[in-house]
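Source file: final-v8.txt (compact mmCIF, C-alpha atoms)
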# COMPACT_ATOMS: atom_id res chain seq x y z
CA MET A 1 79.65 130.49 43.00
CA ALA A 2 78.77 134.17 43.01
CA HIS A 3 79.63 134.61 39.37
CA ALA A 4 77.47 131.69 38.28
CA GLU A 5 74.39 133.52 39.44
CA SER A 6 75.33 136.95 38.19
CA HIS A 7 74.11 137.08 34.64
CA GLU A 8 75.47 140.44 33.57
CA SER A 9 78.19 140.36 30.93
CA HIS A 10 81.79 141.13 31.82
CA SER A 11 82.86 141.66 28.22
CA GLY A 12 83.81 145.29 28.88
CA LEU A 13 86.34 144.19 31.50
CA ILE A 14 87.60 141.40 29.25
CA TRP A 15 88.35 143.82 26.40
CA LYS A 16 90.04 146.19 28.83
CA VAL A 17 92.34 143.40 30.08
CA PHE A 18 93.03 142.44 26.47
CA GLY A 19 94.00 146.05 25.76
CA ILE A 20 96.41 146.13 28.69
CA LEU A 21 97.97 142.77 27.73
CA SER A 22 98.40 144.01 24.15
CA ILE A 23 100.06 147.23 25.25
CA ILE A 24 102.48 145.30 27.50
CA THR A 25 103.34 142.95 24.61
CA ILE A 26 103.92 145.88 22.24
CA VAL A 27 106.20 147.56 24.79
CA GLU A 28 108.13 144.29 25.19
CA VAL A 29 108.58 143.90 21.44
CA ILE A 30 109.69 147.52 20.99
CA LEU A 31 112.23 147.19 23.81
CA GLY A 32 113.35 143.81 22.45
CA ILE A 33 114.05 145.26 19.00
CA ALA A 34 115.53 148.58 20.12
CA LYS A 35 117.54 147.22 23.08
CA PRO A 36 118.45 150.69 24.38
CA GLU A 37 122.11 150.60 25.43
CA SER A 38 121.52 152.44 28.68
CA ILE A 39 119.44 149.60 30.10
CA HIS A 40 120.79 146.71 28.01
CA LEU A 41 124.52 147.06 28.67
CA ASN A 42 124.55 147.03 32.43
CA LYS A 43 124.20 144.59 35.26
CA PHE A 44 121.74 144.69 38.12
CA LEU A 45 121.13 141.71 40.42
CA GLY A 46 122.74 139.25 38.03
CA THR A 47 121.33 140.44 34.72
CA SER A 48 120.65 143.63 32.77
CA ILE A 49 117.94 146.10 33.77
CA LEU A 50 116.29 145.43 30.40
CA ASN A 51 115.90 141.76 31.34
CA TRP A 52 114.36 142.72 34.68
CA ILE A 53 111.88 144.94 32.84
CA PHE A 54 110.96 141.98 30.60
CA ILE A 55 110.49 139.71 33.62
CA ILE A 56 108.33 142.22 35.50
CA LEU A 57 106.17 142.88 32.42
CA THR A 58 105.78 139.13 31.97
CA LEU A 59 104.64 138.70 35.56
CA ALA A 60 102.16 141.54 35.03
CA LYS A 61 100.78 139.72 31.99
CA ALA A 62 100.61 136.45 33.94
CA TYR A 63 98.64 138.26 36.65
CA GLY A 64 96.18 139.64 34.08
CA ILE A 65 95.62 136.24 32.50
CA THR A 66 95.25 134.37 35.79
CA TRP A 67 93.15 136.90 37.66
CA TYR A 68 90.80 138.07 34.92
CA PHE A 69 90.81 135.41 32.20
CA MET A 70 90.97 132.42 34.53
CA HIS A 71 88.69 134.19 37.04
CA MET A 72 91.10 133.59 39.91
CA LYS A 73 89.81 136.86 41.36
CA GLN A 74 86.41 135.30 41.98
CA GLU A 75 87.68 132.11 43.57
CA LYS A 76 87.81 131.65 47.33
CA ALA A 77 91.00 132.85 49.01
CA SER A 78 91.79 129.28 50.09
CA LEU A 79 91.81 127.96 46.51
CA ARG A 80 93.70 131.01 45.28
CA ARG A 81 96.44 130.54 47.88
CA ALA A 82 96.63 126.78 47.39
CA VAL A 83 97.30 127.32 43.69
CA VAL A 84 99.25 130.58 43.48
CA TRP A 85 101.45 130.41 46.56
CA THR A 86 102.42 126.78 45.92
CA ALA A 87 103.41 127.47 42.32
CA ILE A 88 105.25 130.71 43.05
CA PHE A 89 107.20 129.25 45.97
CA LEU A 90 108.28 126.10 44.12
CA ILE A 91 109.18 127.94 40.92
CA CYS A 92 111.26 130.55 42.77
CA TYR A 93 113.03 127.76 44.66
CA LEU A 94 113.80 125.80 41.49
CA ALA A 95 114.90 128.86 39.52
CA PHE A 96 117.13 130.08 42.35
CA ILE A 97 118.93 126.75 42.71
CA LEU A 98 119.40 126.11 39.00
CA LEU A 99 120.49 129.63 38.10
CA VAL A 100 123.00 129.86 40.94
CA GLU A 101 124.31 126.45 39.93
CA GLY A 102 124.52 127.54 36.28
CA GLY A 103 126.55 130.58 37.28
CA HIS A 104 128.88 128.36 39.28
CA MET A 105 129.31 125.96 36.35
CA ASN A 106 130.28 128.96 34.23
CA ASP A 107 132.90 130.04 36.80
CA VAL A 108 134.39 126.55 36.81
CA LEU A 109 134.29 126.11 33.04
CA MET A 110 135.53 129.54 31.92
CA PRO A 111 139.28 129.01 32.58
CA TYR A 112 139.24 125.88 30.40
CA LEU A 113 137.49 127.43 27.40
CA ARG A 114 139.85 128.38 24.59
CA TRP A 115 138.86 130.88 21.91
CA ASN A 116 142.25 131.37 20.26
CA TYR A 117 143.83 128.41 18.51
CA MET B 1 78.23 129.63 56.79
CA GLU B 2 78.09 128.81 53.12
CA ALA B 3 80.04 125.60 53.61
CA THR B 4 77.65 124.15 56.14
CA VAL B 5 74.45 124.86 54.25
CA ALA B 6 73.43 122.20 51.75
CA THR B 7 73.07 123.55 48.25
CA GLN B 8 70.19 122.59 46.01
CA SER B 9 72.21 120.71 43.39
CA ALA B 10 73.77 117.74 45.16
CA THR B 11 75.29 116.51 41.90
CA GLU B 12 77.78 119.35 41.87
CA THR B 13 79.42 118.31 45.12
CA TRP B 14 82.07 115.72 45.80
CA ASN B 15 80.11 112.82 47.21
CA GLY B 16 76.52 113.87 47.24
CA GLY B 17 76.94 115.90 50.41
CA GLY B 18 76.62 119.61 50.77
CA LYS B 19 80.25 120.49 51.35
CA LYS B 20 82.43 122.05 48.67
CA PRO B 21 86.08 122.17 49.65
CA LEU B 22 87.68 125.48 48.62
CA GLY B 23 84.33 126.60 47.28
CA ALA B 24 84.91 125.01 43.90
CA SER B 25 83.38 122.05 42.15
CA TYR B 26 85.45 118.88 41.99
CA GLY B 27 86.23 119.24 38.29
CA LYS B 28 87.26 122.86 38.48
CA MET B 29 89.47 122.36 41.51
CA MET B 30 91.19 119.36 39.96
CA MET B 31 91.75 121.35 36.77
CA TRP B 32 93.47 123.98 38.90
CA PHE B 33 95.69 121.42 40.59
CA PHE B 34 96.53 119.84 37.24
CA ILE B 35 97.52 123.30 36.02
CA VAL B 36 99.80 123.75 39.04
CA SER B 37 101.60 120.49 38.28
CA ASP B 38 101.84 121.31 34.58
CA ALA B 39 103.18 124.77 35.43
CA LEU B 40 105.89 123.10 37.50
CA THR B 41 106.78 120.85 34.55
CA PHE B 42 107.18 123.84 32.27
CA SER B 43 109.15 125.78 34.84
CA GLY B 44 111.42 122.74 35.16
CA PHE B 45 112.14 122.99 31.42
CA LEU B 46 112.62 126.74 31.45
CA ALA B 47 114.82 126.56 34.55
CA ALA B 48 116.93 123.87 32.83
CA TYR B 49 117.25 126.26 29.88
CA GLY B 50 118.34 128.94 32.36
CA LEU B 51 120.91 126.57 33.87
CA MET B 52 122.57 125.94 30.50
CA ARG B 53 122.24 129.58 29.51
CA PHE B 54 124.06 130.68 32.67
CA LYS B 55 126.65 127.96 32.16
CA PHE B 56 127.41 129.22 28.63
CA VAL B 57 126.48 132.83 29.27
CA ASP B 58 129.46 134.09 27.28
CA SER B 59 128.69 132.13 24.12
CA TRP B 60 124.93 131.52 23.99
CA PRO B 61 123.17 132.35 20.67
CA ILE B 62 121.52 135.78 20.59
CA ALA B 63 117.83 135.09 19.98
CA ASP B 64 117.01 138.08 17.82
CA GLU B 65 119.79 137.04 15.43
CA VAL B 66 118.23 133.60 15.17
CA PHE B 67 114.53 134.31 14.64
CA THR B 68 114.62 137.03 12.00
CA HIS B 69 112.22 135.84 9.35
CA PHE B 70 108.71 136.85 8.42
CA PRO B 71 106.59 134.91 5.91
CA PHE B 72 106.51 136.27 2.34
CA VAL B 73 108.96 139.06 3.22
CA HIS B 74 112.71 139.06 2.69
CA GLY B 75 115.04 140.75 5.07
CA HIS B 76 115.86 141.05 8.72
CA TYR B 77 112.80 141.27 10.97
CA PRO B 78 113.62 140.16 14.47
CA MET B 79 110.79 139.49 16.91
CA TYR B 80 107.86 140.55 14.70
CA TYR B 81 106.79 137.01 13.91
CA VAL B 82 106.79 135.78 17.53
CA ALA B 83 104.98 138.95 18.53
CA PHE B 84 102.35 138.06 15.95
CA MET B 85 102.11 134.53 17.38
CA THR B 86 101.75 135.97 20.89
CA PHE B 87 98.89 138.17 19.76
CA ILE B 88 97.13 135.24 18.10
CA LEU B 89 97.28 133.27 21.34
CA ILE B 90 96.21 136.17 23.57
CA PHE B 91 93.34 136.88 21.21
CA SER B 92 92.20 133.27 21.27
CA SER B 93 92.31 133.55 25.05
CA VAL B 94 90.00 136.55 24.82
CA THR B 95 87.49 134.67 22.65
CA MET B 96 87.69 131.77 25.11
CA VAL B 97 86.89 133.97 28.10
CA LEU B 98 84.08 135.57 26.09
CA ALA B 99 82.70 132.06 25.51
CA VAL B 100 82.83 131.40 29.27
CA ASP B 101 81.13 134.73 29.87
CA ALA B 102 78.38 133.91 27.37
CA GLY B 103 78.03 130.51 29.07
CA HIS B 104 77.23 132.19 32.37
CA GLN B 105 74.38 133.97 30.64
CA MET B 106 73.25 130.71 28.95
CA LYS B 107 73.62 132.16 25.47
CA LYS B 108 74.24 129.09 23.36
CA GLY B 109 74.73 130.94 20.08
CA LYS B 110 77.43 133.20 21.48
CA VAL B 111 79.24 130.31 23.19
CA THR B 112 79.26 128.44 19.87
CA LEU B 113 80.68 131.41 17.96
CA TYR B 114 83.38 132.22 20.49
CA MET B 115 84.41 128.57 20.89
CA LEU B 116 84.75 128.35 17.11
CA LEU B 117 86.91 131.50 17.02
CA THR B 118 89.08 130.06 19.81
CA ILE B 119 89.64 126.86 17.86
CA ILE B 120 90.54 128.83 14.73
CA GLY B 121 92.99 130.97 16.73
CA GLY B 122 94.62 127.82 18.10
CA LEU B 123 94.97 126.36 14.62
CA ILE B 124 96.57 129.58 13.31
CA PHE B 125 99.03 129.48 16.21
CA LEU B 126 99.95 125.85 15.53
CA GLY B 127 100.45 126.63 11.84
CA SER B 128 102.66 129.59 12.75
CA GLN B 129 104.72 127.40 15.01
CA ALA B 130 105.14 124.84 12.23
CA TRP B 131 106.45 127.62 9.97
CA GLU B 132 108.79 128.81 12.72
CA TRP B 133 110.18 125.29 13.09
CA LYS B 134 110.57 124.89 9.33
CA THR B 135 112.50 128.17 9.07
CA PHE B 136 114.71 127.28 12.01
CA ILE B 137 115.46 123.80 10.65
CA LYS B 138 116.22 125.17 7.19
CA GLY B 139 118.55 127.85 8.56
CA SER B 140 119.38 131.23 7.13
CA TYR B 141 123.10 131.76 6.49
CA GLY B 142 125.02 128.55 7.04
CA ALA B 143 128.13 128.21 9.18
CA VAL B 144 131.14 126.00 9.78
CA GLN B 145 131.68 123.74 12.76
CA LEU B 146 135.16 123.28 14.20
CA ASN B 147 136.51 120.02 15.53
CA ASP B 148 135.72 120.97 19.13
CA GLY B 149 132.08 121.64 18.28
CA LYS B 150 132.26 125.44 18.13
CA ILE B 151 130.41 127.23 15.35
CA VAL B 152 131.97 130.03 13.31
CA GLN B 153 129.86 132.29 11.10
CA PHE B 154 130.74 134.62 8.24
CA VAL B 155 130.14 138.37 8.29
CA ASP B 156 130.75 141.23 5.86
CA GLU B 157 132.57 144.48 6.59
CA SER B 158 129.55 146.01 8.33
CA GLY B 159 129.32 143.04 10.68
CA HIS B 160 126.16 141.58 9.14
CA GLN B 161 126.03 137.87 8.52
CA VAL B 162 126.65 136.60 5.00
CA ALA B 163 125.07 133.46 3.61
CA LEU B 164 127.45 130.76 2.38
CA SER B 165 125.69 130.79 -0.99
CA ASP B 166 126.62 134.46 -1.42
CA PHE B 167 130.37 134.02 -1.37
CA VAL B 168 131.35 130.38 -1.68
CA GLN B 169 132.59 129.36 -5.14
CA ARG B 170 131.83 125.79 -6.02
CA THR B 171 134.68 123.78 -7.42
CA HIS B 172 134.18 120.46 -9.10
CA SER B 173 134.06 117.65 -6.60
CA GLU B 174 133.12 114.02 -6.66
CA ARG B 175 131.56 113.94 -3.21
CA VAL B 176 128.29 111.99 -3.28
CA ALA B 177 126.05 110.82 -0.49
CA HIS B 178 126.85 107.37 0.72
CA THR B 179 123.89 105.06 0.26
CA ARG B 180 123.10 101.70 1.69
CA SER B 181 123.28 100.06 -1.74
CA SER B 182 126.91 101.12 -2.22
CA GLY B 183 128.03 100.02 1.22
CA ILE B 184 129.27 96.64 2.32
CA TRP B 185 127.33 96.86 5.57
CA PHE B 186 123.80 98.01 6.36
CA MET B 187 124.45 101.68 6.77
CA LYS B 188 123.78 104.93 5.08
CA GLU B 189 125.05 108.41 5.61
CA ALA B 190 123.32 110.41 8.32
CA GLY B 191 121.62 113.44 6.84
CA SER B 192 122.31 114.90 3.45
CA VAL B 193 125.58 116.04 1.92
CA PRO B 194 126.11 119.75 2.65
CA PRO B 195 125.98 121.87 -0.51
CA TYR B 196 129.61 122.98 -0.09
CA THR B 197 132.70 121.19 1.09
CA VAL B 198 134.79 122.58 3.92
CA ASN B 199 137.64 123.22 1.43
CA GLU B 200 135.43 125.23 -0.90
CA VAL B 201 134.41 127.42 2.03
CA ILE B 202 138.02 127.93 3.16
CA GLU B 203 139.25 128.76 -0.36
CA SER B 204 136.42 131.26 -0.90
CA PHE B 205 137.11 132.80 2.49
CA LYS B 206 140.77 133.29 1.51
CA ALA B 207 139.82 134.75 -1.86
CA ASN B 208 137.25 137.23 -0.57
CA ALA B 209 138.84 140.03 1.44
CA ALA B 210 135.53 141.49 2.56
CA ILE B 211 134.48 138.41 4.50
CA SER B 212 135.43 138.01 8.16
CA LEU B 213 134.81 135.33 10.71
CA ARG B 214 132.62 135.60 13.78
CA THR B 215 132.99 133.27 16.75
CA GLU B 216 130.39 132.28 19.32
CA GLN B 217 132.14 134.29 22.01
CA ILE B 218 130.15 137.29 23.22
CA ASN B 219 131.90 140.56 23.94
CA GLU B 220 130.43 141.49 27.31
CA ASP B 221 130.88 145.23 26.76
CA VAL B 222 128.62 145.48 23.72
CA LYS B 223 126.80 142.12 24.02
CA LYS B 224 127.71 141.20 20.46
CA LYS B 225 129.59 138.21 19.07
CA ASN B 226 133.32 138.70 18.55
CA ILE B 227 134.59 139.21 15.00
CA VAL B 228 138.18 138.03 14.54
CA SER B 229 140.89 139.17 12.14
CA LYS B 230 141.49 137.47 8.79
CA GLU B 231 144.63 135.66 9.97
CA GLU B 232 142.97 134.43 13.12
CA GLY B 233 140.00 133.38 11.03
CA LEU B 234 142.18 131.28 8.75
CA LYS B 235 143.78 129.66 11.76
CA LEU B 236 140.34 128.81 13.16
CA LEU B 237 139.26 127.36 9.83
CA GLU B 238 142.18 124.92 9.89
CA ASN B 239 140.12 123.09 12.51
CA ALA B 240 136.94 123.13 10.44
CA THR B 241 135.23 119.80 10.09
CA LEU B 242 131.70 120.40 8.87
CA VAL B 243 129.63 122.82 6.83
CA VAL B 244 126.36 123.39 8.68
CA GLU B 245 123.13 124.72 7.23
CA GLY B 246 120.13 124.96 9.51
CA ALA B 247 119.56 123.47 12.91
CA ASN B 248 118.63 120.07 14.27
CA LEU B 249 119.24 118.05 17.41
CA LYS B 250 122.87 117.32 16.47
CA VAL B 251 124.17 120.57 15.05
CA ASN B 252 123.00 124.16 14.90
CA GLU B 253 124.30 126.84 12.56
CA TYR B 254 123.32 129.58 15.05
CA GLY B 255 125.68 128.33 17.76
CA LYS B 256 125.20 125.97 20.68
CA THR B 257 123.39 122.77 19.76
CA LEU B 258 121.79 122.90 23.21
CA PHE B 259 119.91 126.01 22.09
CA ALA B 260 118.30 124.05 19.26
CA ASP B 261 117.59 121.11 21.57
CA PHE B 262 115.82 123.34 24.10
CA PHE B 263 113.99 125.18 21.34
CA PHE B 264 112.58 121.99 19.87
CA PHE B 265 111.78 120.51 23.26
CA ILE B 266 110.16 123.49 24.96
CA THR B 267 108.25 124.96 22.01
CA GLY B 268 107.42 121.41 20.95
CA PHE B 269 106.01 120.55 24.37
CA HIS B 270 104.06 123.79 24.39
CA GLY B 271 102.84 123.15 20.84
CA PHE B 272 101.65 119.73 21.96
CA HIS B 273 99.65 121.43 24.72
CA VAL B 274 98.12 123.76 22.15
CA PHE B 275 97.29 120.74 20.00
CA SER B 276 95.61 118.86 22.85
CA GLY B 277 93.84 122.09 23.85
CA ILE B 278 92.40 122.37 20.35
CA VAL B 279 91.24 118.74 20.44
CA ILE B 280 89.51 119.27 23.81
CA ASN B 281 88.02 122.54 22.57
CA ILE B 282 86.59 120.76 19.54
CA ILE B 283 85.01 118.08 21.73
CA ILE B 284 83.43 120.72 23.98
CA PHE B 285 82.40 122.74 20.91
CA ILE B 286 80.52 119.73 19.54
CA ASN B 287 78.79 119.30 22.91
CA VAL B 288 77.81 122.97 22.90
CA VAL B 289 76.35 122.64 19.41
CA LEU B 290 74.46 119.49 20.41
CA GLY B 291 73.00 121.38 23.36
CA THR B 292 74.45 119.10 26.05
CA TYR B 293 75.20 121.98 28.41
CA GLU B 294 71.94 123.74 27.65
CA ARG B 295 70.14 120.63 28.96
CA ARG B 296 72.54 120.31 31.89
CA GLY B 297 71.65 123.83 32.93
CA HIS B 298 75.17 125.23 33.10
CA TYR B 299 78.27 125.67 30.97
CA GLU B 300 80.87 124.67 33.54
CA MET B 301 82.64 122.36 31.08
CA VAL B 302 83.38 125.38 28.89
CA GLU B 303 84.82 127.08 31.95
CA LYS B 304 87.06 124.10 32.75
CA VAL B 305 88.41 123.72 29.23
CA GLY B 306 88.81 127.49 29.25
CA LEU B 307 91.09 127.23 32.27
CA TYR B 308 93.32 124.82 30.34
CA TRP B 309 93.33 127.05 27.27
CA HIS B 310 94.31 130.14 29.30
CA PHE B 311 97.06 128.12 30.91
CA VAL B 312 98.50 127.33 27.47
CA ASP B 313 98.49 131.07 26.77
CA LEU B 314 100.11 131.74 30.16
CA VAL B 315 102.94 129.32 29.39
CA TRP B 316 103.50 130.96 26.01
CA VAL B 317 103.90 134.34 27.72
CA PHE B 318 106.82 132.89 29.68
CA VAL B 319 108.31 130.99 26.73
CA PHE B 320 108.14 134.22 24.72
CA THR B 321 110.05 136.10 27.42
CA PHE B 322 112.70 133.54 28.22
CA PHE B 323 113.33 132.27 24.70
CA TYR B 324 112.97 135.37 22.59
CA LEU B 325 113.38 138.45 24.76
CA VAL B 326 115.77 137.87 27.65
As structure tokens, the full file:
Amino acid sequence: MAHAESHESHSGLIWKVFGILSIITIVEVILGIAKPESIHLNKFLGTSILNWIFIILTLAKAYGITWYFMHMKQEKASLRRAVVWTAIFLICYLAFILLVEGGHMNDVLMPYLRWNY
Amino acid sequence: MEATVATQSATETWNGGGKKPLGASYGKMMMWFFIVSDALTFSGFLAAYGLMRFKFVDSWPIADEVFTHFPFVHGHYPMYYVAFMTFILIFSSVTMVLAVDAGHQMKKGKVTLYMLLTIIGGLIFLGSQAWEWKTFIKGSYGAVQLNDGKIVQFVDESGHQVALSDFVQRTHSERVAHTRSSGIWFMKEAGSVPPYTVNEVIESFKANAAISLRTEQINEDVKKKNIVSKEEGLKLLENATLVVEGANLKVNEYGKTLFADFFFFITGFHGFHVFSGIVINIIIFINVVLGTYERRGHYEMVEKVGLYWHFVDLVWVFVFTFFYLV
């Protein structure tokens, strides 16, 4: 409970994190509207590089929110690991299985889809 | 060492003893574990969305063609409105964490102000989401559904979508909605009669040389929907069964109905979290104003409800990415 006893304000840090989160969001929106062809129209590890940029920026935002807004940084390592590792492991597992399965369903379905009548 | 030394306030521990598992109070730790389970629920939904998206990867609606509206402004503005909603939610997260920060310093006035701002931010977000739903349900251009469920849309020579009302000529028709009073059995027509009949749309399509047809199929090379020739378009329209305007759980003018289903379900479930967050925030706000936490000696309740509120923001960050950006 170190932070409960420290009475100094952290508002400077909070505004800094807000600034970083805002900048990331603005970059995401600009990229989402512009969709530069060089990174949008290619494939890298199953999806376009643009999509990977979006995912990485999102994870960066999630880190900012969890560590600084939810004060995960000040929690004990045991609590932090119990929460973060569990969630990340299970979500990666679920996403991996469902996305691979979705790709397979597409492979099976594609030959039966007609677009010309 | 800390774990074995009894702290002064026995009420903060689990069962009156001095031990605090994971160094957190019972309430805070349980809030964290609730958040983990809720995060898994949301990732289940988003992963299910991903499953269907990968299944129909060559014909899924393109999100920035769907969400293109901005209140009080006409025209094509993809993304701006959701970006605005994202900012509202991040900002209300900031005011929430400022309230927690003020709570640590036992500044009741500041906690009150920041809690109030957080609640207002949440209400603005909910209102924005209601507007987003309304716009999505109302639709923007209108489309035609074929007998195998596929959606075809109408575009002009430059490839931009054209609204049905801009080119369809109405001919006189006697089509009226079937009501229960005119039926012989207890039934009425589902939904309302579309403003145009399928035949009116086909005739206007034939008459207007500038209008082409766009299918759901995505051209992988340019990641745009395929536009077909006039003859092919007419052949497709022979299978037309329904004029569609807007989106609901049964039909969706932007393409796959599944897209609308997931949109309503995921943003709806998130919106419900925002709603419950606002309700909890209001309860805690009233307690702050009444001085409950001032008397208790700490503002840990504000911290706990803050955790939930930040989590709602965290989920939105992912919904924003996977629904609107990717």
Report as a tab-separated table the residues of chain A within 6 Å of chain B, each with its shortest atom pair and distance in Å (one decimal), using all atoms listed in the file, ordered by chain and increasing residue number.
residue	atom	partner	partner_atom	distance
A:Ala4	CA	B:His104	CA	5.9
A:His7	CA	B:Gln105	CA	5.1
A:Gly32	CA	B:Leu325	CA	5.8
A:Asn51	CA	B:Val326	CA	5.4
A:Phe69	CA	B:Val97	CA	5.9
A:Met70	CA	B:Leu307	CA	5.7
A:Ser78	CA	B:Leu22	CA	5.8
A:Leu79	CA	B:Leu22	CA	5.3
A:Ala95	CA	B:Ala47	CA	5.5
A:Leu98	CA	B:Leu51	CA	5.4
A:Leu99	CA	B:Leu51	CA	5.2
A:Gly102	CA	B:Leu51	CA	4.4
A:Gly103	CA	B:Phe54	CA	5.2
A:Met105	CA	B:Lys55	CA	5.4
A:Asn106	CA	B:Lys55	CA	4.3
Starting from the point (118.3, 144.2, 31.4), work out which residues of protein, DNA or RNA have an atom no more than 10 Å away when counting all atoms listed in the file; state them as a compact mmCIF listing (two decimals) with C-alpha atoms, keeping the file's coordinate frame.
# COMPACT_ATOMS: atom_id res chain seq x y z
CA LYS A 35 117.54 147.22 23.08
CA PRO A 36 118.45 150.69 24.38
CA GLU A 37 122.11 150.60 25.43
CA SER A 38 121.52 152.44 28.68
CA ILE A 39 119.44 149.60 30.10
CA HIS A 40 120.79 146.71 28.01
CA LEU A 41 124.52 147.06 28.67
CA ASN A 42 124.55 147.03 32.43
CA LYS A 43 124.20 144.59 35.26
CA PHE A 44 121.74 144.69 38.12
CA LEU A 45 121.13 141.71 40.42
CA GLY A 46 122.74 139.25 38.03
CA THR A 47 121.33 140.44 34.72
CA SER A 48 120.65 143.63 32.77
CA ILE A 49 117.94 146.10 33.77
CA LEU A 50 116.29 145.43 30.40
CA ASN A 51 115.90 141.76 31.34
CA TRP A 52 114.36 142.72 34.68
CA ILE A 53 111.88 144.94 32.84
CA PHE A 54 110.96 141.98 30.60
CA ILE A 55 110.49 139.71 33.62
CA VAL B 326 115.77 137.87 27.65
Exercise for the section: Report the distance between atom CA of Gly268 of chain B and atom CA of Lys250 of chain B in Å, rounded to one decimal place. Expected result: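 Between atom CA of Gly268 of chain B and atom CA of Lys250 of chain B the gap is 16.6 Å.
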Exercise for the section: Could you check how far atom CA of Phe265 of chain B sits from atom CA of His160 of chain B, in Å to one decimal? Expected result: 29.2 Å
Problem - Among the residues A:Trp115, A:Phe96, A:Phe18, A:Trp85, the one that comes closest to Lys61 of chain A [using all atoms listed in the file] - result: A:Phe18
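The space separating atom CA of Leu258 of chain B from atom CA of Arg214 of chain B comes to 19.2 Å.
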Handout entry: Nearest candidate to Met110 of chain A (options B:Lys206, B:Ser59, B:Ser165, B:Leu89; using all atoms listed in the file)
Key = B:Ser59
First collect every listed atom of segment 272-283 of chain B; then fit an axis-aligned box around them, widen it by 6 Å on each side, and give centre and edge lengths in Å to one decimal, as JSON.
{"center_x": 93.3, "center_y": 120.9, "center_z": 22.1, "size_x": 28.6, "size_y": 17.7, "size_z": 17.2}
